[in-house]
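Data first, discussion second: the structure below is written as structure tokens.
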Amino acid sequence: MRHHTPPDPTSAESFPTDPSGLPEAGRPQLLELADGDTLELHVGPVAKQLGDATVRMLGYNGSIPGPTLKVQQGSEIVVHVINQGDLDTTVHWHGLRLENRYDGVPHETQAPIPVGGEFTYRIQFPDAGLYWYHPHIREDYTQELGLYGNILVEPSEPGYWPPADRDVVLTVDDLLVEEGRIAPFSPSETTYAAMGRFGNVFLTGGDPDLRLEARSGEVVRLWLTNTANTRVFNLAVPGTRLKLVGGDSGRVEHEEFVESVVLAPSERAVVDVLVDQPGELALEHHTPDRSYPLATITVSGERAAPSRAQEFEQLRRAPELAAEREQLDAWLAAAPDKVLALVAQMDDPAAMPAGAGPVTYACPMHPEVTSDQPGRCPKCGMKLLATQAPVATAYVCPMHPEVVSDQPGRCPKCGMKLLAAVSVPKPAATHDVAAMDEHGGHAGGHDHGEGHGTADGIEWEDDMVEVNRLTTTATMHWKFLDRTSGADSPAIDWHFTVGERVKLRLVNEMDSDHPMHHPFHLHGAGRFLVLSRDGVPEPNLVWKDTVLVRTGQVVDILFDVSNPGLWMAHCHIAEHMQSGMMFSFNVARDQAAAT
Ligand SMILES: [Cu+2]
């Protein structure tokens, strides 16, 4: 069975890459909008400076990220979107429980906005907290190129958040740059479909070298959103304590001091930092193997008055979530209403029957150029060479090259499907690794043992970049399977009613061609609480719209269904969604309430 393939939004042979003559990407504006206000949001190309290189990217209103919208809980604004970008677009307002027809899902809630076209959204903000907006067509390209922005919803309730001196709203992101250029995209299909496109240049608040300032004695509140295609961040400020105060949709059940916060694509965290001494602090991303600097905070000798040092020590509790906690045991004990398996199917061209002839043609100069037909490289005109005929001499694990077998099978270390060694057009260049090192990115080499792999169920880096690059939506099939009745249902056909609470079990199966973590996202039909991960009750509740399901993990969530319409569920790794890891479900109005 074929997965649903999104319609081709463009017939161009390549996306434009020339930045000349384009306006330089600006810093995001902070726009405070009152109930009933109208905002014009232009999608268009910008020139972005990255070190010595200038690259063509996309921005909302000329900046990367787009403007930060600051609004009041319970208000409504009008956003008039004008598309001057490269392809059809929509805007999805991530995490907002708004009216279904403004959810921005192409062909389901609205027609795509063509290049040169416009669309008017009415955006509602029922919940306090940190949200964001991004396109819902070819996110693997458009979001990677800079189309994302934050929304800060100010709570109606006074004292909802603990006091802070400074709000810093930051997106964390990465961009894949090779030889001074953004690594190419195909307009007709999504590449890097296996693991998603990992970047080697980090953009924090859109800046490769972000510098922030504060006064000593301040409590700095960091509002953090992961806008990367696939990278999971583990954020820390070494030398200080982080106080976790909020998550995807509002505050946490109980504030707590943490070493770091793990943020999967599209997740948010709100953390407070007390900067009590003058000097320099760094926001860093820590993987099990290394750390990456993301931003510098310079703390001046000027002292904030009054000091928040004492208030910072207080750990407050949220009564609305304490009330949820009281019902948790019953939900933990209940059987799931729905069971969803997360699986991958990966085609291996070389595993086709012998005699089928060469299966892939690749440019020896440009290994990313591959075709299933003989032809010429569109970049250099060179004849595409057939990769070796499928004489499957050895099967190896792309994650663990020491695992070699003369039979097809799975890697005993990580469960990944072994790939026939001859099927992989050998990359000519080692410049990927070199480029990464140059940018302080990849640790280089492949002998990282368990650290990069699945020891903690997160793939922190792309350890199979040459294979990953070649995987497309045609060869990589990411799937959700409805296993509620044990066997696979033919299709996911979910119907809920407003007012219902539904227990969903998400099973990230190891028996899959490429077991990997997935950030599972539900659109604005409601919001959910994580009940348990691998049977361990969630220690600190917070309303969420995205949950990271680590490799092999089983996560139970309690979905509070509150909004009628046709809504999407999908993996928030852009390339996984493009490769089929999505479905839509219906929520009916509450009949009893309607009569
Ligand atoms: Cu995924």
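Ordering of the structure tokens sets the chain letters (A, B, ...); residue numbers start at 1 within each chain; ligands are numbered from 1 in the order shown.
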
Inset, instruction - Identify, counting only C-alpha atoms and all ligand atoms, the protein, DNA and RNA residues located within 8 Å of ligand 1, and give them as a ChimeraX atom specification. - result: /A:195,478,516-520,571-577,581

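The shortest atom-to-atom distance to A:Thr298, with only C-alpha atoms taken into account, belongs to A:Glu213 out of A:Asp140, A:Asp493, A:Glu255, A:Glu213.
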
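Among the candidate residues A:Glu461, A:Asp482, A:Asp329, A:Glu99, the one lying nearest to A:His523 is A:Glu99, with distances computed using only C-alpha atoms.
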
Inset, instruction - Tell me which protein, DNA and RNA residues are within 6 Å of stretch 235-241 of chain A, counting only C-alpha atoms, leaving out same-chain ones fewer than 5 positions away, and put them as a list in words. - result: Ser260, Val261, Ala282, Leu283, Glu284 and His285 of chain A

Residue selection dump (N, CA, C and O atoms) as a CSV table (one decimal), in the first residue's frame:
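Once written, part19.csv looks like this:
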```csv
chain,number,residue,atom,x,y,z
A,260,SER,N,19.3,20.6,32.5
A,260,SER,CA,19.1,20.9,31.0
A,260,SER,C,17.7,20.5,30.7
A,260,SER,O,17.0,19.9,31.4
A,261,VAL,N,17.3,21.0,29.5
A,261,VAL,CA,15.9,20.6,29.0
A,261,VAL,C,16.1,20.0,27.6
A,261,VAL,O,16.7,20.6,26.7
A,282,ALA,N,26.9,30.9,28.8
A,282,ALA,CA,26.6,30.4,27.4
A,282,ALA,C,25.4,29.5,27.4
A,282,ALA,O,25.2,28.7,28.4
A,283,LEU,N,24.5,29.7,26.5
A,283,LEU,CA,23.5,28.8,26.2
A,283,LEU,C,24.1,27.7,25.3
A,283,LEU,O,24.7,28.0,24.3
A,284,GLU,N,24.0,26.4,25.7
A,284,GLU,CA,24.7,25.4,25.0
A,284,GLU,C,23.7,24.2,24.7
A,284,GLU,O,22.7,24.0,25.4
A,285,HIS,N,24.1,23.5,23.7
A,285,HIS,CA,23.4,22.2,23.3
A,285,HIS,C,24.3,21.1,23.7
A,285,HIS,O,25.4,21.0,23.2
```

Counting only C-alpha atoms, what are the residues of stretch 101-201 of chain A within 12 Å of stretch 58-82 of chain A, and for each of them which pair of atoms is the nearest and at what distance in Å, to one decimal? Sort the table by chain and rising number, as a Markdown table.
```
| residue | atom | partner | partner_atom | distance |
| --- | --- | --- | --- | --- |
| A:Tyr102 | CA | A:Val79 | CA | 10.2 |
| A:Gly104 | CA | A:Val81 | CA | 11.3 |
| A:Pro112 | CA | A:Val81 | CA | 11.6 |
| A:Ile113 | CA | A:Ile82 | CA | 8.3 |
| A:Pro114 | CA | A:Ile82 | CA | 9.3 |
| A:Val115 | CA | A:Ile82 | CA | 8.5 |
| A:Gly116 | CA | A:Ile82 | CA | 7.1 |
| A:Gly117 | CA | A:Ile82 | CA | 6.1 |
| A:Glu118 | CA | A:Ile82 | CA | 4.5 |
| A:Phe119 | CA | A:Val81 | CA | 5.3 |
| A:Thr120 | CA | A:His80 | CA | 4.4 |
| A:Tyr121 | CA | A:Val79 | CA | 5.1 |
| A:Arg122 | CA | A:Val78 | CA | 4.6 |
| A:Ile123 | CA | A:Ile77 | CA | 5.4 |
| A:Gln124 | CA | A:Glu76 | CA | 4.5 |
| A:Phe125 | CA | A:Gln73 | CA | 5.3 |
| A:Pro126 | CA | A:Gly74 | CA | 5.0 |
| A:Asp127 | CA | A:Gln73 | CA | 5.9 |
| A:Ala128 | CA | A:Gln73 | CA | 5.6 |
| A:Gly129 | CA | A:Gln73 | CA | 8.8 |
| A:Leu130 | CA | A:Lys70 | CA | 9.6 |
| A:Tyr131 | CA | A:Leu69 | CA | 9.5 |
| A:Trp132 | CA | A:Thr68 | CA | 8.6 |
| A:Tyr133 | CA | A:Gly66 | CA | 8.9 |
| A:His134 | CA | A:Gly66 | CA | 9.4 |
| A:Pro135 | CA | A:Tyr60 | CA | 10.5 |
| A:Glu139 | CA | A:Leu58 | CA | 11.8 |
| A:Tyr141 | CA | A:Leu58 | CA | 9.7 |
| A:Thr142 | CA | A:Leu58 | CA | 7.1 |
| A:Gln143 | CA | A:Leu58 | CA | 8.4 |
| A:Glu144 | CA | A:Leu58 | CA | 8.9 |
| A:Leu145 | CA | A:Leu58 | CA | 5.4 |
| A:Gly146 | CA | A:Leu58 | CA | 5.2 |
| A:Leu147 | CA | A:Gly59 | CA | 5.3 |
| A:Tyr148 | CA | A:Pro65 | CA | 5.5 |
| A:Gly149 | CA | A:Gly66 | CA | 4.5 |
| A:Asn150 | CA | A:Thr68 | CA | 4.8 |
| A:Ile151 | CA | A:Leu69 | CA | 4.6 |
| A:Leu152 | CA | A:Lys70 | CA | 4.8 |
| A:Val153 | CA | A:Val71 | CA | 5.0 |
| A:Glu154 | CA | A:Gln72 | CA | 4.8 |
| A:Pro155 | CA | A:Gln73 | CA | 5.4 |
| A:Ser156 | CA | A:Gln73 | CA | 5.7 |
| A:Glu157 | CA | A:Gln73 | CA | 9.1 |
| A:Pro158 | CA | A:Gln73 | CA | 11.7 |
| A:Tyr160 | CA | A:Gln73 | CA | 11.8 |
| A:Asp167 | CA | A:Lys70 | CA | 11.5 |
| A:Val168 | CA | A:Thr68 | CA | 10.8 |
| A:Val169 | CA | A:Thr68 | CA | 8.0 |
| A:Leu170 | CA | A:Pro65 | CA | 9.0 |
| A:Thr171 | CA | A:Pro65 | CA | 7.5 |
| A:Val172 | CA | A:Pro65 | CA | 10.1 |
| A:Asp173 | CA | A:Pro65 | CA | 10.1 |
```

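Residue nearest A:Glu40, chosen from A:Gln110, A:Gln407, A:Ser300, A:Asn83 and counting only C-alpha atoms: A:Asn83.
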
Inset, instruction - Name all residues at most 8 Å from A:Ser186 (count only C-alpha atoms; drop same-chain ones fewer than 5 positions away) and give them as number ranges by chain. - result: A: 13-15, 191

Inset, instruction - Pick out the closest residue to A:Cys411 from this set: A:Pro515, A:Ala309, A:Thr484, A:Arg231. Count only C-alpha atoms. - result: A:Pro515

Inset, instruction - Mind the document's chain letters and residue numbers, and return as a PyMOL selection string the residues of stretch 19-252 of chain A that DSSP labels alpha helix (DSSP H). - result: chain A and resi 139-142

Legend entry - Nearest to A:Ala333, chosen from A:Asp556, A:Asp37, A:Glu280, A:Asp103, with only C-alpha atoms counted in the distances: A:Asp556

Inset, instruction - Between atom CA of A:Leu315 and atom CA of A:Pro537, measure the distance and give it in Å to one decimal. - result: 20.9 Å

Inset, instruction - Mind checking which residues fall within 12 Å of A:Gln327, counting only C-alpha atoms, ignoring those fewer than 5 positions away in the same chain, and posting them as a ChimeraX atom specification? - result: /A:320-322,332-334,501,529,531,558

Restricting the output to N, CA and C atoms, write the selected residues as a compact mmCIF listing (two decimals), in the first residue's frame.
```
# COMPACT_ATOMS: atom_id res chain seq x y z
N GLU A 320 -4.26 24.03 38.75
CA GLU A 320 -5.07 23.35 37.71
C GLU A 320 -4.44 22.02 37.32
N LEU A 321 -3.11 21.91 37.44
CA LEU A 321 -2.46 20.66 37.08
C LEU A 321 -2.40 19.71 38.29
N ALA A 322 -2.38 20.28 39.49
CA ALA A 322 -2.50 19.44 40.70
C ALA A 322 -3.84 18.72 40.66
N LEU A 332 -4.01 6.07 34.40
CA LEU A 332 -2.87 5.16 34.24
C LEU A 332 -3.34 3.71 34.21
N ALA A 333 -4.35 3.40 35.02
CA ALA A 333 -4.84 2.02 35.11
C ALA A 333 -5.73 1.65 33.92
N ALA A 334 -6.32 2.64 33.27
CA ALA A 334 -7.27 2.36 32.18
C ALA A 334 -6.56 1.79 30.95
N ARG A 501 -12.34 12.68 26.72
CA ARG A 501 -10.93 12.48 27.01
C ARG A 501 -10.55 11.09 26.50
N LEU A 529 -1.97 15.63 28.09
CA LEU A 529 -1.00 15.42 29.16
C LEU A 529 -0.27 14.12 28.87
N LEU A 531 0.86 10.83 30.24
CA LEU A 531 0.53 10.02 31.42
C LEU A 531 1.75 9.24 31.90
N LEU A 558 -2.97 11.51 27.51
CA LEU A 558 -4.40 11.74 27.75
C LEU A 558 -4.78 12.98 26.95
```

Inset, instruction - One decimal, Å: what's the distance from atom CA of A:Met346 over to atom CA of A:Ser512, could you say? - result: 8.8 Å

Inset, instruction - Would you mind listing what lies within 12 Å of stretch 489-492 of chain A as number ranges by chain, with only C-alpha atoms counted and same-chain residues fewer than 2 positions away left out? - result: A: 1-4, 338-341, 479-487, 494-495, 568-569, 581-586

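Close contacts of A:Thr287, defined as residues with an atom at most 8 Å away when counting only C-alpha atoms, with chain neighbours fewer than 6 positions off set aside, comprise Phe233, Asn234 and Trp460 of chain A.
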